[in-house]
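Pasting data-v5.pdb here (PDB, C-alpha atoms and all ligand atoms):
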```
ATOM      1  CA  MET T 909     -64.421  44.436 -40.572  1.00  0.00           C
ATOM      2  CA  THR T 910     -61.130  44.598 -42.400  1.00  0.00           C
ATOM      3  CA  THR T 911     -58.530  47.170 -41.545  1.00  0.00           C
ATOM      4  CA  PRO T 912     -55.442  47.930 -43.626  1.00  0.00           C
ATOM      5  CA  ASN T 913     -53.202  46.353 -40.974  1.00  0.00           C
ATOM      6  CA  HIS T 914     -55.300  43.141 -40.726  1.00  0.00           C
ATOM      7  CA  GLY T 915     -54.695  43.054 -37.006  1.00  0.00           C
ATOM      8  CA  ALA T 916     -50.930  43.392 -37.202  1.00  0.00           C
ATOM      9  CA  ARG T 917     -49.922  45.570 -34.262  1.00  0.00           C
ATOM     10  CA  HIS T 918     -46.154  45.356 -34.596  1.00  0.00           C
ATOM     11  CA  VAL T 919     -44.306  45.136 -37.907  1.00  0.00           C
ATOM     12  CA  ALA T 920     -40.512  44.975 -38.215  1.00  0.00           C
ATOM     13  CA  ILE T 921     -38.434  45.513 -41.330  1.00  0.00           C
ATOM     14  CA  ILE T 922     -34.894  44.516 -42.277  1.00  0.00           C
ATOM     15  CA  MET T 923     -34.306  47.365 -44.702  1.00  0.00           C
ATOM     16  CA  ASP T 924     -31.811  45.765 -47.037  1.00  0.00           C
ATOM     17  CA  GLY T 925     -30.580  46.504 -50.550  1.00  0.00           C
ATOM     18  CA  ASN T 926     -29.496  50.150 -50.452  1.00  0.00           C
ATOM     19  CA  GLY T 927     -26.058  49.317 -51.823  1.00  0.00           C
ATOM     20  CA  ARG T 928     -27.423  47.229 -54.692  1.00  0.00           C
ATOM     21  CA  TRP T 929     -29.970  49.934 -55.500  1.00  0.00           C
ATOM     22  CA  ALA T 930     -27.115  52.438 -55.894  1.00  0.00           C
ATOM     23  CA  LYS T 931     -24.928  50.013 -57.828  1.00  0.00           C
ATOM     24  CA  LYS T 932     -27.690  49.422 -60.368  1.00  0.00           C
ATOM     25  CA  ARG T 933     -27.639  53.166 -61.022  1.00  0.00           C
ATOM     26  CA  LEU T 934     -23.835  53.433 -61.027  1.00  0.00           C
ATOM     27  CA  LEU T 935     -24.075  55.640 -57.945  1.00  0.00           C
ATOM     28  CA  PRO T 936     -21.991  55.518 -54.750  1.00  0.00           C
ATOM     29  CA  ARG T 937     -23.439  53.381 -51.941  1.00  0.00           C
ATOM     30  CA  VAL T 938     -24.248  56.484 -49.906  1.00  0.00           C
ATOM     31  CA  ALA T 939     -26.777  57.502 -52.575  1.00  0.00           C
ATOM     32  CA  GLY T 940     -28.591  54.252 -51.839  1.00  0.00           C
ATOM     33  CA  HIS T 941     -28.594  55.005 -48.138  1.00  0.00           C
ATOM     34  CA  LYS T 942     -29.982  58.490 -48.832  1.00  0.00           C
ATOM     35  CA  ALA T 943     -32.758  57.024 -50.957  1.00  0.00           C
ATOM     36  CA  GLY T 944     -33.324  54.533 -48.128  1.00  0.00           C
ATOM     37  CA  VAL T 945     -34.003  57.361 -45.692  1.00  0.00           C
ATOM     38  CA  GLU T 946     -36.687  58.683 -48.058  1.00  0.00           C
ATOM     39  CA  ALA T 947     -38.289  55.238 -48.059  1.00  0.00           C
ATOM     40  CA  VAL T 948     -38.243  55.219 -44.257  1.00  0.00           C
ATOM     41  CA  ARG T 949     -40.141  58.506 -44.187  1.00  0.00           C
ATOM     42  CA  ASN T 950     -42.842  57.251 -46.532  1.00  0.00           C
ATOM     43  CA  ILE T 951     -43.218  53.921 -44.762  1.00  0.00           C
ATOM     44  CA  VAL T 952     -43.444  55.440 -41.282  1.00  0.00           C
ATOM     45  CA  ARG T 953     -46.154  57.813 -42.459  1.00  0.00           C
ATOM     46  CA  ALA T 954     -48.023  54.967 -44.151  1.00  0.00           C
ATOM     47  CA  ALA T 955     -47.723  52.724 -41.110  1.00  0.00           C
ATOM     48  CA  GLY T 956     -49.448  55.367 -39.010  1.00  0.00           C
ATOM     49  CA  ASP T 957     -52.203  55.737 -41.583  1.00  0.00           C
ATOM     50  CA  MET T 958     -52.655  51.964 -41.656  1.00  0.00           C
ATOM     51  CA  GLY T 959     -53.145  51.897 -37.908  1.00  0.00           C
ATOM     52  CA  ILE T 960     -49.970  49.956 -37.154  1.00  0.00           C
ATOM     53  CA  GLU T 961     -49.144  50.582 -33.509  1.00  0.00           C
ATOM     54  CA  ALA T 962     -45.464  49.787 -33.639  1.00  0.00           C
ATOM     55  CA  MET T 963     -42.808  49.528 -36.282  1.00  0.00           C
ATOM     56  CA  THR T 964     -39.232  48.394 -35.707  1.00  0.00           C
ATOM     57  CA  LEU T 965     -36.699  49.248 -38.404  1.00  0.00           C
ATOM     58  CA  TYR T 966     -33.221  47.712 -38.608  1.00  0.00           C
ATOM     59  CA  ALA T 967     -30.981  50.680 -39.391  1.00  0.00           C
ATOM     60  CA  PHE T 968     -27.510  49.603 -38.242  1.00  0.00           C
ATOM     61  CA  SER T 969     -26.498  46.209 -36.929  1.00  0.00           C
ATOM     62  CA  SER T 970     -23.798  45.417 -34.415  1.00  0.00           C
ATOM     63  CA  GLU T 971     -22.073  43.662 -37.324  1.00  0.00           C
ATOM     64  CA  ASN T 972     -22.237  46.667 -39.669  1.00  0.00           C
ATOM     65  CA  TRP T 973     -19.068  48.038 -38.018  1.00  0.00           C
ATOM     66  CA  LYS T 974     -17.254  45.627 -40.326  1.00  0.00           C
ATOM     67  CA  ARG T 975     -17.982  48.013 -43.212  1.00  0.00           C
ATOM     68  CA  PRO T 976     -15.429  50.572 -44.425  1.00  0.00           C
ATOM     69  CA  GLU T 977     -15.092  53.542 -42.100  1.00  0.00           C
ATOM     70  CA  ASP T 978     -16.382  55.945 -44.755  1.00  0.00           C
ATOM     71  CA  GLU T 979     -19.618  54.043 -45.137  1.00  0.00           C
ATOM     72  CA  VAL T 980     -20.093  53.785 -41.364  1.00  0.00           C
ATOM     73  CA  ASN T 981     -19.578  57.562 -41.123  1.00  0.00           C
ATOM     74  CA  ASP T 982     -22.063  58.163 -43.935  1.00  0.00           C
ATOM     75  CA  LEU T 983     -24.644  56.006 -42.192  1.00  0.00           C
ATOM     76  CA  MET T 984     -24.171  57.757 -38.842  1.00  0.00           C
ATOM     77  CA  GLY T 985     -24.360  61.152 -40.547  1.00  0.00           C
ATOM     78  CA  LEU T 986     -27.602  60.226 -42.291  1.00  0.00           C
ATOM     79  CA  MET T 987     -29.006  58.907 -39.027  1.00  0.00           C
ATOM     80  CA  LYS T 988     -28.267  62.170 -37.263  1.00  0.00           C
ATOM     81  CA  ARG T 989     -29.774  64.204 -40.052  1.00  0.00           C
ATOM     82  CA  PHE T 990     -32.865  61.993 -40.148  1.00  0.00           C
ATOM     83  CA  ILE T 991     -33.498  62.381 -36.429  1.00  0.00           C
ATOM     84  CA  LEU T 992     -32.959  66.141 -36.553  1.00  0.00           C
ATOM     85  CA  SER T 993     -34.946  66.857 -39.682  1.00  0.00           C
ATOM     86  CA  ASP T 994     -37.835  64.569 -38.861  1.00  0.00           C
ATOM     87  CA  LEU T 995     -38.586  65.652 -35.316  1.00  0.00           C
ATOM     88  CA  ASP T 996     -41.288  68.004 -36.563  1.00  0.00           C
ATOM     89  CA  GLU T 997     -42.683  65.286 -38.779  1.00  0.00           C
ATOM     90  CA  PHE T 998     -42.823  62.910 -35.796  1.00  0.00           C
ATOM     91  CA  ALA T 999     -44.761  65.546 -33.879  1.00  0.00           C
ATOM     92  CA  ALA T1000     -47.147  66.122 -36.789  1.00  0.00           C
ATOM     93  CA  ASN T1001     -47.784  62.398 -37.212  1.00  0.00           C
ATOM     94  CA  ASP T1002     -47.910  61.581 -33.494  1.00  0.00           C
ATOM     95  CA  VAL T1003     -44.911  59.232 -33.762  1.00  0.00           C
ATOM     96  CA  LYS T1004     -43.109  58.211 -30.615  1.00  0.00           C
ATOM     97  CA  LEU T1005     -39.465  57.446 -31.274  1.00  0.00           C
ATOM     98  CA  LYS T1006     -37.712  54.567 -29.576  1.00  0.00           C
ATOM     99  CA  VAL T1007     -34.214  53.268 -30.156  1.00  0.00           C
ATOM    100  CA  ILE T1008     -33.209  49.679 -29.528  1.00  0.00           C
ATOM    101  CA  GLY T1009     -29.764  48.116 -29.451  1.00  0.00           C
ATOM    102  CA  ASN T1010     -26.592  49.266 -27.773  1.00  0.00           C
ATOM    103  CA  TRP T1011     -27.061  52.876 -28.886  1.00  0.00           C
ATOM    104  CA  ARG T1012     -25.542  54.356 -25.744  1.00  0.00           C
ATOM    105  CA  ALA T1013     -22.174  53.101 -26.989  1.00  0.00           C
ATOM    106  CA  LEU T1014     -22.393  55.352 -30.072  1.00  0.00           C
ATOM    107  CA  ALA T1015     -20.561  58.680 -30.373  1.00  0.00           C
ATOM    108  CA  PRO T1016     -21.572  61.214 -27.668  1.00  0.00           C
ATOM    109  CA  ASP T1017     -23.150  63.605 -30.198  1.00  0.00           C
ATOM    110  CA  VAL T1018     -25.368  60.826 -31.560  1.00  0.00           C
ATOM    111  CA  VAL T1019     -26.345  59.738 -28.045  1.00  0.00           C
ATOM    112  CA  ALA T1020     -27.247  63.333 -27.127  1.00  0.00           C
ATOM    113  CA  LEU T1021     -29.315  63.731 -30.276  1.00  0.00           C
ATOM    114  CA  ILE T1022     -31.179  60.504 -29.600  1.00  0.00           C
ATOM    115  CA  GLU T1023     -31.856  61.416 -25.991  1.00  0.00           C
ATOM    116  CA  ASN T1024     -33.326  64.726 -27.102  1.00  0.00           C
ATOM    117  CA  ALA T1025     -35.507  63.073 -29.749  1.00  0.00           C
ATOM    118  CA  LEU T1026     -36.746  60.432 -27.305  1.00  0.00           C
ATOM    119  CA  GLU T1027     -37.708  63.096 -24.849  1.00  0.00           C
ATOM    120  CA  ARG T1028     -39.378  65.329 -27.440  1.00  0.00           C
ATOM    121  CA  THR T1029     -41.520  62.515 -28.814  1.00  0.00           C
ATOM    122  CA  SER T1030     -42.240  60.715 -25.544  1.00  0.00           C
ATOM    123  CA  GLY T1031     -45.806  62.022 -25.342  1.00  0.00           C
ATOM    124  CA  ASN T1032     -46.767  60.908 -28.872  1.00  0.00           C
ATOM    125  CA  LYS T1033     -49.239  58.071 -29.100  1.00  0.00           C
ATOM    126  CA  ARG T1034     -50.315  56.977 -32.573  1.00  0.00           C
ATOM    127  CA  THR T1035     -47.294  54.946 -33.691  1.00  0.00           C
ATOM    128  CA  THR T1036     -44.117  53.860 -31.972  1.00  0.00           C
ATOM    129  CA  LEU T1037     -41.138  53.891 -34.305  1.00  0.00           C
ATOM    130  CA  ALA T1038     -38.329  51.779 -32.898  1.00  0.00           C
ATOM    131  CA  VAL T1039     -35.055  52.266 -34.731  1.00  0.00           C
ATOM    132  CA  ALA T1040     -32.557  49.454 -34.230  1.00  0.00           C
ATOM    133  CA  LEU T1041     -29.152  51.122 -33.977  1.00  0.00           C
ATOM    134  CA  ASN T1042     -25.996  49.230 -33.140  1.00  0.00           C
ATOM    135  CA  TYR T1043     -28.450  46.403 -32.596  1.00  0.00           C
ATOM    136  CA  GLY T1044     -27.744  42.686 -32.517  1.00  0.00           C
ATOM    137  CA  ALA T1045     -30.267  40.201 -31.157  1.00  0.00           C
ATOM    138  CA  GLN T1046     -27.589  38.071 -29.521  1.00  0.00           C
ATOM    139  CA  ASP T1047     -26.235  41.138 -27.739  1.00  0.00           C
ATOM    140  CA  GLU T1048     -29.790  42.071 -26.702  1.00  0.00           C
ATOM    141  CA  LEU T1049     -30.359  38.570 -25.316  1.00  0.00           C
ATOM    142  CA  VAL T1050     -27.134  38.654 -23.316  1.00  0.00           C
ATOM    143  CA  ARG T1051     -28.100  42.036 -21.847  1.00  0.00           C
ATOM    144  CA  ALA T1052     -31.620  40.792 -21.078  1.00  0.00           C
ATOM    145  CA  ALA T1053     -30.313  37.611 -19.452  1.00  0.00           C
ATOM    146  CA  GLN T1054     -27.864  39.595 -17.347  1.00  0.00           C
ATOM    147  CA  ALA T1055     -30.620  41.973 -16.234  1.00  0.00           C
ATOM    148  CA  ALA T1056     -32.923  39.057 -15.453  1.00  0.00           C
ATOM    149  CA  ALA T1057     -30.163  37.261 -13.527  1.00  0.00           C
ATOM    150  CA  ALA T1058     -29.644  40.378 -11.430  1.00  0.00           C
ATOM    151  CA  THR T1059     -33.251  40.038 -10.244  1.00  0.00           C
ATOM    152  CA  GLY T1060     -32.640  36.395  -9.317  1.00  0.00           C
ATOM    153  CA  GLU T1061     -35.111  35.045 -11.875  1.00  0.00           C
ATOM    154  CA  ILE T1062     -34.159  33.613 -15.248  1.00  0.00           C
ATOM    155  CA  SER T1063     -37.418  32.583 -16.887  1.00  0.00           C
ATOM    156  CA  GLU T1064     -39.006  33.254 -20.261  1.00  0.00           C
ATOM    157  CA  ALA T1065     -41.099  35.997 -18.709  1.00  0.00           C
ATOM    158  CA  ALA T1066     -38.115  37.586 -16.959  1.00  0.00           C
ATOM    159  CA  ILE T1067     -35.977  37.607 -20.097  1.00  0.00           C
ATOM    160  CA  ALA T1068     -38.856  38.949 -22.206  1.00  0.00           C
ATOM    161  CA  ALA T1069     -39.361  41.708 -19.642  1.00  0.00           C
ATOM    162  CA  HIS T1070     -35.772  42.874 -20.130  1.00  0.00           C
ATOM    163  CA  LEU T1071     -35.633  42.850 -23.912  1.00  0.00           C
ATOM    164  CA  ASP T1072     -35.230  46.202 -25.636  1.00  0.00           C
ATOM    165  CA  THR T1073     -38.733  45.716 -27.046  1.00  0.00           C
ATOM    166  CA  ALA T1074     -40.332  44.818 -23.690  1.00  0.00           C
ATOM    167  CA  ASP T1075     -42.844  47.676 -23.840  1.00  0.00           C
ATOM    168  CA  MET T1076     -43.920  46.962 -27.425  1.00  0.00           C
ATOM    169  CA  PRO T1077     -46.729  44.695 -28.669  1.00  0.00           C
ATOM    170  CA  PRO T1078     -45.654  41.174 -29.720  1.00  0.00           C
ATOM    171  CA  LEU T1079     -44.054  41.074 -33.159  1.00  0.00           C
ATOM    172  CA  ASP T1080     -46.623  40.081 -35.782  1.00  0.00           C
ATOM    173  CA  LEU T1081     -44.843  40.482 -39.085  1.00  0.00           C
ATOM    174  CA  LEU T1082     -41.170  40.607 -40.031  1.00  0.00           C
ATOM    175  CA  ILE T1083     -40.346  41.845 -43.531  1.00  0.00           C
ATOM    176  CA  ARG T1084     -36.972  41.660 -45.281  1.00  0.00           C
ATOM    177  CA  THR T1085     -36.345  43.393 -48.564  1.00  0.00           C
ATOM    178  CA  SER T1086     -33.726  42.755 -51.269  1.00  0.00           C
ATOM    179  CA  GLY T1087     -34.151  39.006 -51.715  1.00  0.00           C
ATOM    180  CA  GLU T1088     -31.915  37.872 -48.847  1.00  0.00           C
ATOM    181  CA  VAL T1089     -33.607  35.167 -46.819  1.00  0.00           C
ATOM    182  CA  ARG T1090     -31.986  35.403 -43.406  1.00  0.00           C
ATOM    183  CA  LEU T1091     -32.488  37.286 -40.162  1.00  0.00           C
ATOM    184  CA  SER T1092     -28.965  38.719 -39.786  1.00  0.00           C
ATOM    185  CA  ASN T1093     -29.180  38.811 -35.988  1.00  0.00           C
ATOM    186  CA  PHE T1094     -32.448  40.788 -35.864  1.00  0.00           C
ATOM    187  CA  LEU T1095     -35.182  40.216 -33.253  1.00  0.00           C
ATOM    188  CA  LEU T1096     -34.359  36.534 -32.793  1.00  0.00           C
ATOM    189  CA  TRP T1097     -36.423  36.113 -29.637  1.00  0.00           C
ATOM    190  CA  GLN T1098     -39.310  38.276 -30.837  1.00  0.00           C
ATOM    191  CA  SER T1099     -39.652  36.435 -34.141  1.00  0.00           C
ATOM    192  CA  ALA T1100     -40.363  33.077 -32.453  1.00  0.00           C
ATOM    193  CA  TYR T1101     -43.942  33.250 -33.767  1.00  0.00           C
ATOM    194  CA  ALA T1102     -43.819  36.253 -36.068  1.00  0.00           C
ATOM    195  CA  GLU T1103     -44.895  35.739 -39.658  1.00  0.00           C
ATOM    196  CA  LEU T1104     -41.968  36.199 -42.048  1.00  0.00           C
ATOM    197  CA  TYR T1105     -42.240  37.936 -45.410  1.00  0.00           C
ATOM    198  CA  PHE T1106     -39.419  38.207 -47.920  1.00  0.00           C
ATOM    199  CA  THR T1107     -39.510  40.374 -51.017  1.00  0.00           C
ATOM    200  CA  ASP T1108     -36.974  40.998 -53.793  1.00  0.00           C
ATOM    201  CA  ILE T1109     -37.737  44.726 -53.796  1.00  0.00           C
ATOM    202  CA  LEU T1110     -34.686  46.775 -52.803  1.00  0.00           C
ATOM    203  CA  TRP T1111     -35.322  48.962 -49.757  1.00  0.00           C
ATOM    204  CA  PRO T1112     -35.208  52.379 -51.523  1.00  0.00           C
ATOM    205  CA  ASP T1113     -37.922  51.087 -53.893  1.00  0.00           C
ATOM    206  CA  PHE T1114     -40.171  49.790 -51.096  1.00  0.00           C
ATOM    207  CA  LYS T1115     -43.426  51.762 -51.201  1.00  0.00           C
ATOM    208  CA  PRO T1116     -46.481  51.972 -48.947  1.00  0.00           C
ATOM    209  CA  ALA T1117     -48.267  49.718 -51.467  1.00  0.00           C
ATOM    210  CA  ASP T1118     -45.580  47.084 -50.851  1.00  0.00           C
ATOM    211  CA  LEU T1119     -46.164  47.325 -47.116  1.00  0.00           C
ATOM    212  CA  GLN T1120     -49.864  46.855 -47.816  1.00  0.00           C
ATOM    213  CA  ALA T1121     -49.049  43.803 -49.967  1.00  0.00           C
ATOM    214  CA  ALA T1122     -47.049  42.306 -47.082  1.00  0.00           C
ATOM    215  CA  LEU T1123     -49.954  42.947 -44.710  1.00  0.00           C
ATOM    216  CA  ASP T1124     -52.373  41.362 -47.173  1.00  0.00           C
ATOM    217  CA  HIS T1125     -50.175  38.241 -47.173  1.00  0.00           C
ATOM    218  CA  PHE T1126     -50.121  38.351 -43.395  1.00  0.00           C
ATOM    219  CA  ALA T1127     -53.928  38.387 -43.395  1.00  0.00           C
ATOM    220  CA  ARG T1128     -53.957  35.029 -45.191  1.00  0.00           C
ATOM    221  CA  ARG T1129     -51.548  33.318 -42.810  1.00  0.00           C
ATOM    222  CA  ASP T1130     -52.921  30.808 -40.338  1.00  0.00           C
ATOM    223  CA  ARG T1131     -51.158  31.501 -37.064  1.00  0.00           C
ATOM    224  CA  ARG T1132     -51.327  28.322 -35.028  1.00  0.00           C
ATOM    225  CA  TYR T1133     -48.675  28.912 -32.336  1.00  0.00           C
ATOM    226  CA  GLY T1134     -48.152  25.182 -32.111  1.00  0.00           C
ATOM    227  CA  GLY T1135     -51.846  24.440 -31.635  1.00  0.00           C
ATOM    228  CA  LEU T1136     -54.434  23.309 -34.173  1.00  0.00           C
TER     229      LEU T1136
HETATM  230  C1  LIG T1201     -29.132  48.115 -45.970  1.00  0.00           C
HETATM  231  O1  LIG T1201     -28.579  48.165 -47.233  1.00  0.00           O
HETATM  232  C2  LIG T1201     -28.688  49.255 -45.109  1.00  0.00           C
HETATM  233  C3  LIG T1201     -27.771  48.861 -44.029  1.00  0.00           C
HETATM  234  C4  LIG T1201     -27.344  47.662 -43.766  1.00  0.00           C
HETATM  235  C5  LIG T1201     -27.286  49.932 -43.186  1.00  0.00           C
HETATM  236  P1  LIG T1201     -27.140  47.559 -47.552  1.00  0.00           P
HETATM  237  O2  LIG T1201     -26.126  48.627 -47.366  1.00  0.00           O
HETATM  238  O3  LIG T1201     -26.894  46.325 -46.766  1.00  0.00           O
HETATM  239  O4  LIG T1201     -27.306  47.224 -49.085  1.00  0.00           O
HETATM  240  P2  LIG T1201     -26.775  45.962 -49.866  1.00  0.00           P
HETATM  241  O5  LIG T1201     -27.187  44.736 -49.110  1.00  0.00           O
HETATM  242  O6  LIG T1201     -25.284  46.096 -49.922  1.00  0.00           O
HETATM  243  O7  LIG T1201     -27.416  46.048 -51.209  1.00  0.00           O
HETATM  244  C1  LIG T1202     -28.934  43.705 -42.140  1.00  0.00           C
HETATM  245  O1  LIG T1202     -28.453  43.901 -43.412  1.00  0.00           O
HETATM  246  C2  LIG T1202     -28.739  44.931 -41.313  1.00  0.00           C
HETATM  247  C3  LIG T1202     -29.553  46.079 -41.675  1.00  0.00           C
HETATM  248  C4  LIG T1202     -30.459  46.106 -42.605  1.00  0.00           C
HETATM  249  C5  LIG T1202     -29.323  47.261 -40.904  1.00  0.00           C
HETATM  250  P1  LIG T1202     -26.975  43.480 -43.840  1.00  0.00           P
HETATM  251  O2  LIG T1202     -26.828  43.874 -45.246  1.00  0.00           O
HETATM  252  O3  LIG T1202     -25.986  44.019 -42.870  1.00  0.00           O
HETATM  253  O4  LIG T1202     -27.031  41.895 -43.666  1.00  0.00           O
HETATM  254  P2  LIG T1202     -26.123  40.741 -44.261  1.00  0.00           P
HETATM  255  O5  LIG T1202     -24.697  41.140 -44.017  1.00  0.00           O
HETATM  256  O6  LIG T1202     -26.428  40.661 -45.717  1.00  0.00           O
HETATM  257  O7  LIG T1202     -26.528  39.503 -43.538  1.00  0.00           O
HETATM  258 MG    MG T1203     -27.247  44.372 -47.106  1.00  0.00          MG
END
```
Can you turn what I pasted into structure tokens?
Ligand code: IPE
Ligand code: IPE
Ligand code: MG
Amino acid sequence: MTTPNHGARHVAIIMDGNGRWAKKRLLPRVAGHKAGVEAVRNIVRAAGDMGIEAMTLYAFSSENWKRPEDEVNDLMGLMKRFILSDLDEFAANDVKLKVIGNWRALAPDVVALIENALERTSGNKRTTLAVALNYGAQDELVRAAQAAAATGEISEAAIAAHLDTADMPPLDLLIRTSGEVRLSNFLLWQSAYAELYFTDILWPDFKPADLQAALDHFARRDRRYGGL
């Protein structure tokens, strides 16, 4: 039996290329970020329909603070609006929201909004949507190692148990849009045996059919995990 997800339980996406999408249209970068939010909506809906259990989306990295203050403010504003305006949609589509990264260090109004959204969607079951906000994998690994050390056990299992993604299925497929071929400090531990898929499509142009194309590629990969 083939299913649209081809057995992929957890898919992560580095949503890159919003700025270039806007530039191509002679629009300000924020227009690209707005179009990116629309793409998020469509992809989250499609992921649920495809039976993907968990999706992790890289929305703001711990390195994105290096951007001009105006752009950072635009991104935070869009994030707030997305969470607020899509709560009903999450309920309708049975999406459980999760946030990974050092999000508690964000502005108090963002933290409060996130806490409310986490609580309101905590009973949803079909898809988990993990949004990586103020996320850096190296920061996550330091936090996980510190938490593991506090229990007196530093082992692979103990570190894995303290990652932000500890309660999610193993990462199957990691997608990056916009033609960049790097991980930019995203899910470094979790991608140890994930399949990687790079596409030139800019994030605002990424459609459910493109997600399906990535999954179809995934279906043809031979995952050996070091064995034969
Ligand atoms: C991705 O698009 C969105 C974030 C990093 C927040 P970019 O803003 O990085 O777009 P490009 O890479 O400049 O085209
Ligand atoms: C990665 O994209 C971060 C997000 C998509 C949120 P960047 O655009 O920040 O990555 P670099 O700077 O090109 O590596
Ligand atoms: Mg970029």
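Neighbouring residues of ligand LIG 1201 (chain T) at a cut-off of 6 Å, counting all atoms listed in the file, are Met923, Asp924, Gly925, Asn926, Gly927, Arg928, Ala967 and Phe968 of chain T.
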Restrict the calculation to all atoms listed in the file, then for each residue of chain T with any atom at most 12 Å from an atom of ligand MG 1203 (chain T) give the closest atom pair and their distance in Å to one decimal, rows by chain and rising residue number, as JSON lines.
```
{"residue": "T:Ile922", "atom": "CA", "partner": "T:MG1203", "partner_atom": "MG", "distance": 9.0}
{"residue": "T:Met923", "atom": "CA", "partner": "T:MG1203", "partner_atom": "MG", "distance": 8.0}
{"residue": "T:Asp924", "atom": "CA", "partner": "T:MG1203", "partner_atom": "MG", "distance": 4.8}
{"residue": "T:Gly925", "atom": "CA", "partner": "T:MG1203", "partner_atom": "MG", "distance": 5.2}
{"residue": "T:Asn926", "atom": "CA", "partner": "T:MG1203", "partner_atom": "MG", "distance": 7.0}
{"residue": "T:Gly927", "atom": "CA", "partner": "T:MG1203", "partner_atom": "MG", "distance": 6.9}
{"residue": "T:Arg928", "atom": "CA", "partner": "T:MG1203", "partner_atom": "MG", "distance": 8.1}
{"residue": "T:Trp929", "atom": "CA", "partner": "T:MG1203", "partner_atom": "MG", "distance": 10.4}
{"residue": "T:Ala930", "atom": "CA", "partner": "T:MG1203", "partner_atom": "MG", "distance": 11.9}
{"residue": "T:Arg937", "atom": "CA", "partner": "T:MG1203", "partner_atom": "MG", "distance": 10.9}
{"residue": "T:Gly940", "atom": "CA", "partner": "T:MG1203", "partner_atom": "MG", "distance": 11.0}
{"residue": "T:His941", "atom": "CA", "partner": "T:MG1203", "partner_atom": "MG", "distance": 10.8}
{"residue": "T:Gly944", "atom": "CA", "partner": "T:MG1203", "partner_atom": "MG", "distance": 11.9}
{"residue": "T:Tyr966", "atom": "CA", "partner": "T:MG1203", "partner_atom": "MG", "distance": 10.9}
{"residue": "T:Ala967", "atom": "CA", "partner": "T:MG1203", "partner_atom": "MG", "distance": 10.6}
{"residue": "T:Phe968", "atom": "CA", "partner": "T:MG1203", "partner_atom": "MG", "distance": 10.3}
{"residue": "T:Ser969", "atom": "CA", "partner": "T:MG1203", "partner_atom": "MG", "distance": 10.4}
{"residue": "T:Glu971", "atom": "CA", "partner": "T:MG1203", "partner_atom": "MG", "distance": 11.1}
{"residue": "T:Asn972", "atom": "CA", "partner": "T:MG1203", "partner_atom": "MG", "distance": 9.3}
{"residue": "T:Arg975", "atom": "CA", "partner": "T:MG1203", "partner_atom": "MG", "distance": 10.7}
{"residue": "T:Arg1084", "atom": "CA", "partner": "T:MG1203", "partner_atom": "MG", "distance": 10.3}
{"residue": "T:Thr1085", "atom": "CA", "partner": "T:MG1203", "partner_atom": "MG", "distance": 9.3}
{"residue": "T:Ser1086", "atom": "CA", "partner": "T:MG1203", "partner_atom": "MG", "distance": 7.9}
{"residue": "T:Gly1087", "atom": "CA", "partner": "T:MG1203", "partner_atom": "MG", "distance": 9.9}
{"residue": "T:Glu1088", "atom": "CA", "partner": "T:MG1203", "partner_atom": "MG", "distance": 8.2}
{"residue": "T:Val1089", "atom": "CA", "partner": "T:MG1203", "partner_atom": "MG", "distance": 11.2}
{"residue": "T:Arg1090", "atom": "CA", "partner": "T:MG1203", "partner_atom": "MG", "distance": 10.8}
{"residue": "T:Leu1091", "atom": "CA", "partner": "T:MG1203", "partner_atom": "MG", "distance": 11.2}
{"residue": "T:Ser1092", "atom": "CA", "partner": "T:MG1203", "partner_atom": "MG", "distance": 9.4}
{"residue": "T:Leu1110", "atom": "CA", "partner": "T:MG1203", "partner_atom": "MG", "distance": 9.7}
{"residue": "T:Trp1111", "atom": "CA", "partner": "T:MG1203", "partner_atom": "MG", "distance": 9.7}
```
Item checked: All residues 12 Å or closer to region 982-989 of chain T, only C-alpha atoms, same chain fewer than 3 positions away omitted, as a VMD selection string -> chain T and resid 926 to 927 936 to 946 948 966 to 969 972 to 973 975 to 979 992 to 995 1007 1011 1014 to 1025 1039 to 1042
Next item on the list: Excluding region 1120-1136 of chain T and any residue of its chain fewer than 2 positions from it, enumerate the residues within 8 Å of it, using all atoms listed in the file, and give them as a count of residues only.
Entry: 13
Next item on the list: Find, counting only C-alpha atoms and all ligand atoms, the residue in T:Gln1046, T:Asn1010, T:Thr1073, T:Asn1093 that gets nearest to ligand LIG 1202 (chain T).
Entry: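 When distances to ligand LIG 1202 (chain T) are compared using only C-alpha atoms and all ligand atoms, the smallest one comes from T:Asn1093.
Proximity ranking of T:Ala955, T:Val980, T:Leu1026, T:Leu1079 relative to ligand LIG 1202 (chain T) places T:Val980 first, based on all atoms listed in the file.
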Check: Taking into account all atoms listed in the file, which residue in the set T:Thr910, T:Ser970, T:Thr1107, T:Gln1098 is nearest to ligand LIG 1202 (chain T)?
Finding: T:Ser970
Checklist line | Option closest in space to ligand LIG 1202 (chain T), from T:Leu1071, T:Leu965, T:Leu934, T:Ala1102 [counting only C-alpha atoms and all ligand atoms] | finding: T:Leu965
